[in-house]
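As stored in model_11.cif (mmCIF, C-alpha atoms and all ligand atoms):
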```
data_input
loop_
_atom_site.group_PDB
_atom_site.id
_atom_site.type_symbol
_atom_site.label_atom_id
_atom_site.label_comp_id
_atom_site.auth_asym_id
_atom_site.auth_seq_id
_atom_site.Cartn_x
_atom_site.Cartn_y
_atom_site.Cartn_z
ATOM 1 C CA MET A 12 -43.264 -8.704 10.342
ATOM 2 C CA LYS A 13 -41.017 -7.596 13.158
ATOM 3 C CA ILE A 14 -42.566 -6.294 16.383
ATOM 4 C CA ILE A 15 -40.876 -4.076 18.943
ATOM 5 C CA ILE A 16 -42.638 -3.398 22.249
ATOM 6 C CA GLY A 17 -41.283 -0.657 24.470
ATOM 7 C CA GLU A 18 -41.891 2.792 25.894
ATOM 8 C CA GLY A 19 -42.156 6.064 23.997
ATOM 9 C CA GLN A 20 -38.591 7.392 23.866
ATOM 10 C CA GLN A 21 -37.063 3.946 23.363
ATOM 11 C CA LEU A 22 -39.439 3.288 20.444
ATOM 12 C CA ALA A 23 -38.737 6.692 18.911
ATOM 13 C CA SER A 24 -35.011 6.141 19.119
ATOM 14 C CA LEU A 25 -35.186 2.653 17.572
ATOM 15 C CA ALA A 26 -37.473 3.951 14.810
ATOM 16 C CA ALA A 27 -35.107 6.879 14.144
ATOM 17 C CA ASP A 28 -32.292 4.348 13.707
ATOM 18 C CA HIS A 29 -34.046 3.141 10.534
ATOM 19 C CA TYR A 30 -33.740 6.648 9.042
ATOM 20 C CA ALA A 31 -30.113 6.894 10.154
ATOM 21 C CA ARG A 32 -29.236 3.557 8.536
ATOM 22 C CA LEU A 33 -30.851 4.498 5.231
ATOM 23 C CA LEU A 34 -29.406 8.017 5.116
ATOM 24 C CA THR A 35 -25.923 6.757 5.948
ATOM 25 C CA GLU A 36 -26.097 4.308 3.045
ATOM 26 C CA ASN A 37 -27.459 6.918 0.652
ATOM 27 C CA PRO A 38 -28.410 10.525 1.553
ATOM 28 C CA GLN A 39 -30.787 10.766 -1.426
ATOM 29 C CA ARG A 40 -33.596 8.815 0.186
ATOM 30 C CA VAL A 41 -37.332 9.160 -0.371
ATOM 31 C CA PHE A 42 -39.412 9.117 2.808
ATOM 32 C CA GLY A 43 -43.146 8.633 3.197
ATOM 33 C CA LEU A 44 -44.442 10.888 5.984
ATOM 34 C CA ALA A 45 -47.510 10.444 8.188
ATOM 35 C CA THR A 46 -49.309 13.105 10.196
ATOM 36 C CA GLY A 47 -51.260 12.452 13.408
ATOM 37 C CA SER A 48 -49.939 11.848 16.920
ATOM 38 C CA SER A 49 -48.221 8.490 16.418
ATOM 39 C CA PRO A 50 -45.023 9.650 14.661
ATOM 40 C CA LEU A 51 -44.481 12.797 16.749
ATOM 41 C CA ARG A 52 -41.817 11.383 19.044
ATOM 42 C CA VAL A 53 -39.961 9.944 16.066
ATOM 43 C CA TYR A 54 -40.036 13.365 14.392
ATOM 44 C CA ASP A 55 -38.753 14.928 17.647
ATOM 45 C CA GLU A 56 -35.924 12.388 17.759
ATOM 46 C CA LEU A 57 -35.032 12.972 14.099
ATOM 47 C CA ALA A 58 -35.033 16.765 14.617
ATOM 48 C CA ALA A 59 -32.730 16.325 17.629
ATOM 49 C CA ARG A 60 -30.323 14.186 15.582
ATOM 50 C CA VAL A 61 -30.299 16.769 12.786
ATOM 51 C CA ASP A 62 -29.624 19.534 15.347
ATOM 52 C CA ALA A 63 -26.776 17.451 16.743
ATOM 53 C CA GLY A 64 -25.279 17.096 13.257
ATOM 54 C CA GLU A 65 -25.777 13.316 13.244
ATOM 55 C CA LEU A 66 -28.293 13.195 10.391
ATOM 56 C CA SER A 67 -29.193 15.271 7.362
ATOM 57 C CA PHE A 68 -32.258 15.275 5.128
ATOM 58 C CA SER A 69 -30.714 17.897 2.825
ATOM 59 C CA GLN A 70 -30.610 15.526 -0.159
ATOM 60 C CA ALA A 71 -33.734 13.554 0.783
ATOM 61 C CA ARG A 72 -37.284 13.932 -0.474
ATOM 62 C CA GLY A 73 -40.634 13.317 1.189
ATOM 63 C CA PHE A 74 -44.214 12.461 0.262
ATOM 64 C CA THR A 75 -47.008 12.769 2.779
ATOM 65 C CA LEU A 76 -49.696 10.099 3.020
ATOM 66 C CA ASP A 77 -52.898 12.049 2.810
ATOM 67 C CA GLU A 78 -54.725 15.359 2.943
ATOM 68 C CA TYR A 79 -58.180 16.621 3.801
ATOM 69 C CA LEU A 80 -60.400 17.933 1.023
ATOM 70 C CA GLY A 81 -62.462 21.028 1.675
ATOM 71 C CA LEU A 82 -60.174 22.964 4.018
ATOM 72 C CA PRO A 83 -58.939 26.305 2.689
ATOM 73 C CA ALA A 84 -55.216 26.442 1.773
ATOM 74 C CA GLY A 85 -53.243 27.401 4.867
ATOM 75 C CA HIS A 86 -55.871 26.141 7.366
ATOM 76 C CA PRO A 87 -53.856 25.073 10.420
ATOM 77 C CA GLU A 88 -55.258 21.518 10.265
ATOM 78 C CA THR A 89 -54.380 20.822 6.632
ATOM 79 C CA TYR A 90 -51.936 17.933 6.793
ATOM 80 C CA ARG A 91 -49.549 20.021 4.738
ATOM 81 C CA ARG A 92 -49.407 22.676 7.481
ATOM 82 C CA VAL A 93 -49.241 20.046 10.225
ATOM 83 C CA ILE A 94 -46.345 18.088 8.702
ATOM 84 C CA ASP A 95 -44.480 21.337 8.015
ATOM 85 C CA ALA A 96 -44.846 22.430 11.633
ATOM 86 C CA GLU A 97 -44.162 19.065 13.209
ATOM 87 C CA PHE A 98 -41.348 17.786 11.061
ATOM 88 C CA VAL A 99 -40.369 19.399 7.769
ATOM 89 C CA SER A 100 -39.541 22.866 9.146
ATOM 90 C CA ARG A 101 -37.525 21.316 11.998
ATOM 91 C CA VAL A 102 -35.084 19.409 9.814
ATOM 92 C CA ASP A 103 -33.016 20.402 6.794
ATOM 93 C CA PHE A 104 -35.031 19.295 3.764
ATOM 94 C CA ALA A 105 -34.313 21.468 0.728
ATOM 95 C CA PRO A 106 -37.156 23.849 -0.221
ATOM 96 C CA GLY A 107 -39.804 21.974 -2.212
ATOM 97 C CA ALA A 108 -38.377 18.549 -1.329
ATOM 98 C CA VAL A 109 -41.536 17.462 0.475
ATOM 99 C CA ARG A 110 -44.772 17.133 -1.416
ATOM 100 C CA GLY A 111 -48.306 16.306 -0.273
ATOM 101 C CA PRO A 112 -51.528 15.699 -2.185
ATOM 102 C CA ASP A 113 -53.073 19.126 -2.880
ATOM 103 C CA GLY A 114 -56.412 19.206 -1.092
ATOM 104 C CA THR A 115 -57.379 22.424 -2.917
ATOM 105 C CA ALA A 116 -56.834 21.014 -6.417
ATOM 106 C CA ALA A 117 -59.687 21.872 -8.803
ATOM 107 C CA ASP A 118 -59.620 18.271 -10.048
ATOM 108 C CA PRO A 119 -58.854 15.956 -7.092
ATOM 109 C CA ASP A 120 -58.880 12.842 -9.305
ATOM 110 C CA ALA A 121 -56.217 14.304 -11.590
ATOM 111 C CA GLU A 122 -54.233 15.408 -8.533
ATOM 112 C CA ALA A 123 -54.368 11.848 -7.151
ATOM 113 C CA ARG A 124 -53.039 10.414 -10.417
ATOM 114 C CA ALA A 125 -50.311 13.061 -10.583
ATOM 115 C CA TYR A 126 -49.316 12.236 -7.002
ATOM 116 C CA ASP A 127 -48.754 8.539 -7.696
ATOM 117 C CA ALA A 128 -46.811 9.517 -10.823
ATOM 118 C CA ALA A 129 -44.614 11.893 -8.788
ATOM 119 C CA ILE A 130 -43.791 9.129 -6.281
ATOM 120 C CA ALA A 131 -42.873 6.779 -9.113
ATOM 121 C CA GLU A 132 -40.778 9.480 -10.784
ATOM 122 C CA ALA A 133 -38.855 9.989 -7.528
ATOM 123 C CA GLY A 134 -37.954 6.290 -7.636
ATOM 124 C CA GLY A 135 -40.537 5.100 -5.096
ATOM 125 C CA ILE A 136 -40.544 5.414 -1.321
ATOM 126 C CA ASP A 137 -37.625 3.944 0.614
ATOM 127 C CA LEU A 138 -39.163 4.160 4.093
ATOM 128 C CA GLN A 139 -42.820 4.796 4.875
ATOM 129 C CA ILE A 140 -43.837 5.691 8.423
ATOM 130 C CA LEU A 141 -47.448 4.891 9.358
ATOM 131 C CA GLY A 142 -49.864 5.273 12.228
ATOM 132 C CA ILE A 143 -53.011 3.144 12.426
ATOM 133 C CA GLY A 144 -56.615 4.187 13.008
ATOM 134 C CA THR A 145 -58.695 2.647 15.787
ATOM 135 C CA ASN A 146 -60.664 1.031 12.937
ATOM 136 C CA GLY A 147 -57.486 -0.347 11.371
ATOM 137 C CA HIS A 148 -57.140 2.294 8.652
ATOM 138 C CA ILE A 149 -53.725 3.132 7.221
ATOM 139 C CA ALA A 150 -53.418 6.565 5.682
ATOM 140 C CA PHE A 151 -57.130 7.251 5.043
ATOM 141 C CA ASN A 152 -57.832 3.818 3.599
ATOM 142 C CA GLU A 153 -60.953 3.040 5.557
ATOM 143 C CA PRO A 154 -62.477 -0.436 6.052
ATOM 144 C CA GLY A 155 -63.428 -1.890 2.673
ATOM 145 C CA ALA A 156 -60.614 -0.183 0.729
ATOM 146 C CA ALA A 157 -59.066 -2.475 -1.876
ATOM 147 C CA PHE A 158 -55.572 -3.737 -1.156
ATOM 148 C CA ASP A 159 -54.475 -2.695 -4.661
ATOM 149 C CA SER A 160 -55.975 0.811 -4.387
ATOM 150 C CA ARG A 161 -54.012 3.811 -5.643
ATOM 151 C CA THR A 162 -53.950 7.423 -4.462
ATOM 152 C CA ARG A 163 -57.514 8.684 -4.765
ATOM 153 C CA ARG A 164 -60.383 10.705 -3.311
ATOM 154 C CA GLU A 165 -62.040 8.945 -0.359
ATOM 155 C CA GLU A 166 -64.789 9.511 2.183
ATOM 156 C CA LEU A 167 -63.697 9.465 5.826
ATOM 157 C CA ALA A 168 -65.364 6.904 8.090
ATOM 158 C CA PRO A 169 -67.543 8.360 10.886
ATOM 159 C CA GLN A 170 -65.119 6.737 13.390
ATOM 160 C CA THR A 171 -62.157 8.573 11.856
ATOM 161 C CA ARG A 172 -63.992 11.905 11.901
ATOM 162 C CA ALA A 173 -64.888 11.316 15.563
ATOM 163 C CA ASP A 174 -61.263 10.368 16.378
ATOM 164 C CA ASN A 175 -59.934 13.480 14.606
ATOM 165 C CA ALA A 176 -62.438 15.914 16.135
ATOM 166 C CA ARG A 177 -59.804 16.484 18.826
ATOM 167 C CA PHE A 178 -57.818 18.489 16.278
ATOM 168 C CA PHE A 179 -60.912 20.644 15.500
ATOM 169 C CA ASP A 180 -61.769 21.815 19.043
ATOM 170 C CA GLY A 181 -63.808 18.650 19.582
ATOM 171 C CA ASP A 182 -66.273 19.641 16.839
ATOM 172 C CA VAL A 183 -66.882 16.574 14.652
ATOM 173 C CA ASP A 184 -68.841 18.670 12.136
ATOM 174 C CA ALA A 185 -65.710 20.729 11.484
ATOM 175 C CA VAL A 186 -63.773 17.618 10.398
ATOM 176 C CA PRO A 187 -63.831 17.330 6.594
ATOM 177 C CA THR A 188 -65.858 14.480 5.134
ATOM 178 C CA HIS A 189 -63.454 13.676 2.275
ATOM 179 C CA CYS A 190 -59.751 13.388 1.647
ATOM 180 C CA LEU A 191 -57.068 12.454 -0.825
ATOM 181 C CA THR A 192 -55.134 9.428 0.361
ATOM 182 C CA GLN A 193 -52.342 7.240 -0.891
ATOM 183 C CA GLY A 194 -53.858 3.875 -1.723
ATOM 184 C CA ILE A 195 -53.015 0.645 0.043
ATOM 185 C CA GLY A 196 -51.334 -0.521 -3.165
ATOM 186 C CA THR A 197 -49.284 2.693 -3.204
ATOM 187 C CA ILE A 198 -48.214 2.188 0.416
ATOM 188 C CA LEU A 199 -47.282 -1.459 -0.154
ATOM 189 C CA GLU A 200 -44.812 -0.362 -2.847
ATOM 190 C CA ALA A 201 -42.628 1.337 -0.204
ATOM 191 C CA ARG A 202 -39.463 -0.712 0.212
ATOM 192 C CA GLU A 203 -39.651 -0.562 4.006
ATOM 193 C CA ILE A 204 -42.531 0.292 6.342
ATOM 194 C CA ILE A 205 -42.549 1.189 10.022
ATOM 195 C CA LEU A 206 -45.815 1.572 11.943
ATOM 196 C CA LEU A 207 -46.152 3.176 15.351
ATOM 197 C CA ALA A 208 -49.056 2.655 17.725
ATOM 198 C CA SER A 209 -49.600 3.639 21.329
ATOM 199 C CA GLY A 210 -52.487 3.431 23.755
ATOM 200 C CA ALA A 211 -55.213 0.911 24.472
ATOM 201 C CA GLY A 212 -57.418 2.458 21.785
ATOM 202 C CA LYS A 213 -55.160 0.870 19.155
ATOM 203 C CA ALA A 214 -55.023 -2.605 20.777
ATOM 204 C CA ASP A 215 -57.833 -4.156 18.691
ATOM 205 C CA ALA A 216 -56.465 -2.797 15.422
ATOM 206 C CA ILE A 217 -52.968 -4.070 16.274
ATOM 207 C CA ALA A 218 -54.276 -7.513 17.278
ATOM 208 C CA GLN A 219 -56.118 -7.719 13.962
ATOM 209 C CA LEU A 220 -53.093 -6.537 12.027
ATOM 210 C CA VAL A 221 -50.797 -9.139 13.565
ATOM 211 C CA GLU A 222 -53.030 -12.117 14.280
ATOM 212 C CA GLY A 223 -56.460 -11.535 12.738
ATOM 213 C CA GLU A 224 -57.831 -12.623 9.398
ATOM 214 C CA VAL A 225 -56.391 -10.709 6.447
ATOM 215 C CA THR A 226 -59.431 -8.757 5.246
ATOM 216 C CA THR A 227 -60.248 -5.412 3.683
ATOM 217 C CA LEU A 228 -62.476 -4.811 6.728
ATOM 218 C CA TRP A 229 -59.190 -4.209 8.622
ATOM 219 C CA PRO A 230 -57.120 -2.302 6.038
ATOM 220 C CA ALA A 231 -53.830 -2.613 7.958
ATOM 221 C CA THR A 232 -53.925 -6.405 7.543
ATOM 222 C CA ALA A 233 -52.701 -5.706 3.979
ATOM 223 C CA LEU A 234 -49.282 -5.114 5.570
ATOM 224 C CA ARG A 235 -49.007 -8.846 6.261
ATOM 225 C CA SER A 236 -48.051 -9.362 2.608
ATOM 226 C CA HIS A 237 -45.184 -6.847 2.786
ATOM 227 C CA PRO A 238 -41.689 -8.296 3.278
ATOM 228 C CA ASN A 239 -40.198 -5.489 5.413
ATOM 229 C CA VAL A 240 -42.538 -4.135 8.106
ATOM 230 C CA THR A 241 -41.616 -3.249 11.694
ATOM 231 C CA LEU A 242 -44.236 -2.353 14.299
ATOM 232 C CA PHE A 243 -43.248 -0.122 17.225
ATOM 233 C CA LEU A 244 -45.815 -0.592 19.991
ATOM 234 C CA ASP A 245 -46.213 0.511 23.564
ATOM 235 C CA ALA A 246 -47.500 -2.048 26.062
ATOM 236 C CA ALA A 247 -51.093 -0.790 25.851
ATOM 237 C CA ALA A 248 -51.210 -1.007 22.045
ATOM 238 C CA ALA A 249 -49.681 -4.502 22.251
ATOM 239 C CA SER A 250 -52.093 -5.665 24.963
ATOM 240 C CA GLY A 251 -54.397 -7.556 22.571
ATOM 241 C CA LEU A 252 -51.574 -9.714 21.172
ATOM 242 C CA SER A 253 -51.205 -13.361 22.207
ATOM 243 C CA ALA A 254 -48.576 -14.288 24.806
ATOM 244 C CA GLU A 255 -46.521 -16.075 22.120
ATOM 245 C CA VAL A 256 -46.352 -12.991 19.917
ATOM 246 C CA ARG A 257 -45.516 -10.749 22.866
ATOM 247 C CA ASP A 258 -42.722 -13.125 24.002
ATOM 248 C CA ALA A 259 -41.209 -13.131 20.516
ATOM 249 C CA ALA A 260 -41.501 -9.334 20.372
ATOM 250 C CA ARG A 261 -39.734 -9.004 23.713
ATOM 251 C CA ALA A 262 -36.797 -10.996 22.346
ATOM 252 C CA ALA A 263 -36.713 -8.871 19.157
ATOM 253 C CA THR A 264 -36.823 -5.700 21.272
ATOM 254 C CA LEU A 265 -33.870 -6.832 23.389
ATOM 255 C CA ALA A 266 -31.897 -7.678 20.258
ATOM 256 C CA ALA A 267 -32.696 -4.294 18.647
ATOM 257 C CA THR A 268 -31.839 -2.372 21.822
ATOM 258 C CA ALA A 269 -28.545 -4.235 22.264
ATOM 259 C CA ARG A 270 -27.331 -3.193 18.799
HETATM 260 C C1 LIG A 301 -52.116 10.336 9.086
HETATM 261 C C2 LIG A 301 -52.818 9.123 8.695
HETATM 262 C C3 LIG A 301 -53.661 8.337 9.628
HETATM 263 C C4 LIG A 301 -53.113 8.265 11.057
HETATM 264 C C5 LIG A 301 -54.072 7.469 11.939
HETATM 265 C C6 LIG A 301 -53.583 7.443 13.381
HETATM 266 O O1 LIG A 301 -51.403 10.874 7.982
HETATM 267 O O2 LIG A 301 -52.724 8.763 7.575
HETATM 268 O O3 LIG A 301 -53.801 7.027 9.138
HETATM 269 O O4 LIG A 301 -51.855 7.667 11.035
HETATM 270 O O5 LIG A 301 -55.341 8.030 11.883
HETATM 271 O O6 LIG A 301 -53.651 8.740 13.882
HETATM 272 P P1 LIG A 301 -52.921 9.115 15.246
HETATM 273 O O7 LIG A 301 -51.472 8.877 15.022
HETATM 274 O O8 LIG A 301 -53.217 10.564 15.457
HETATM 275 O O9 LIG A 301 -53.487 8.217 16.288
#
```

What would you get if you wrote out this structure as structure tokens?
Ligand code: F6R
Amino acid sequence: MKIIIGEGQQLASLAADHYARLLTENPQRVFGLATGSSPLRVYDELAARVDAGELSFSQARGFTLDEYLGLPAGHPETYRRVIDAEFVSRVDFAPGAVRGPDGTAADPDAEARAYDAAIAEAGGIDLQILGIGTNGHIAFNEPGAAFDSRTRREELAPQTRADNARFFDGDVDAVPTHCLTQGIGTILEAREIILLASGAGKADAIAQLVEGEVTTLWPATALRSHPNVTLFLDAAAASGLSAEVRDAARAATLAATAR
């Protein structure tokens, strides 16, 4: 696992370089997309590079990580609406090239199975971007989720609903109780994974991910078995890491920035 520690714009630019490398090699890439605050600067950077004519997603496809169940179609906080507003509509994906789990499906279990099948049919995900929950969740795989889990219906942890109340005018009761989420096993099949974390609230989860025991109680520790993961951390999110790990990360950051 590679770790980069830096400040917001530097991290966004280094993370965007991963997209640029992949798209230069082959424009028909499949990207896994996360909602939430963590990827926003990366999406801004990618939109700027598309505007500047440096990058194009016109032949690429995308699959979002997760979706709330129980919100009406078109609700501004459905992850589908959020990812459209924050990323998809700002770059040049072809119409219909980005798919998310349908949170209004009459049969959520069938929708979950169809979603995994659609990812496989697209050839699998080349690059998955992730955030991390304060409780160590990835996508909506809450503590206890099996490392070989597939896309499925899940219940949100009380901590996650409290964390996400900020998107629902601070009203935790307005946050849905259930979701569809890619499984940890689904996520681990991505050929490359980048994870962004900022702020002291993520420090415990990051320390667990990098140096803690690998356990389903901290879902992100599953990433330790993946051969191609890069973490992009600000100093606060990295503050729980040991001095040795932070020293090594500093060296990796210098090397990445010098490229
Ligand atoms: C979002 C997702 C979640 C978030 C996580 C961090 O699609 O799957 O796992 O990445 O809750 O959220 P932020 O980035 O808002 O701190």

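Taking only C-alpha atoms into account, the polymer residues that have an atom no farther than 8 Å from (-60.0, -4.4, 1.2) are A:Pro154, A:Gly155, A:Ala156, A:Ala157, A:Phe158, A:Thr226, A:Thr227, A:Leu228, A:Trp229, A:Pro230, A:Ala233.
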
- Surroundings of ligand LIG 301 (chain A) up to 10 Å, based on only C-alpha atoms and all ligand atoms, as a PyMOL selection string: chain A and resi 43-51+75-79+90-91+93-94+140-153+170-172+174-175+177-178+192-193+206-210+212-213+231

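Between CA of Glu36 (chain A) and CA of Ala105 (chain A) the interatomic distance comes to 19.2 Å.
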
- Message: If we count all atoms listed in the file and set the cut-off at 10 Å, which residues sit around region 247-254 of chain A, ignoring sequence neighbours fewer than 6 positions away in its own chain? Please answer as a count of residues only.
- Response: 23

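Minimum atom-to-atom distances from A:Leu57, A:Val41, A:Ala125, A:Leu234 to Leu199 (chain A) were compared using all atoms listed in the file, and the lowest value belongs to A:Leu234.
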
- Item | Selection dump of the PyMOL selection byres (((chain A and resi 161) around 8) and not hetatm), as a PyMOL selection string | chain A and resi 127+159-160+162-163+193-197

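Across the model, the gap from CA of Glu203 (chain A) to CA of Ala31 (chain A) is 13.6 Å.
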
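Between CA of Ala27 (chain A) and CA of Glu255 (chain A) there is a distance of 26.8 Å.
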
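Compared by their closest atoms to Glu165 (chain A), and using all atoms listed in the file, the residues A:Pro38, A:Ala123, A:Ala131, A:Thr264 rank with A:Ala123 nearest.
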
- Message: List the spatial neighbours of region 132-139 of chain A as a VMD selection string - criterion: any atom at most 8 Å away, all atoms listed in the file, same-chain residues fewer than 4 positions off excluded.
- Response: chain A and resid 30 40 to 44 128 198 200 to 205

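Compared by their closest atoms to Ala26 (chain A), and using only C-alpha atoms, the residues A:Val53, A:Ala173, A:Ala246, A:Leu80 rank with A:Val53 nearest.
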
- Task: Would you kindly return, as number ranges by chain, each protein, DNA or RNA residue with an atom no farther than 10 Å from any atom of Ala263 (chain A), considering only C-alpha atoms and excluding same-chain residues fewer than 4 positions away?
- Result: A: 13-16, 257-259, 267-269

- Care to translate the PyMOL selection byres (((chain A and resi 107) around 12) and not hetatm) into actual residues of this file, as a ChimeraX atom specification? /A:69-74,95,99-100,103-106,108-111
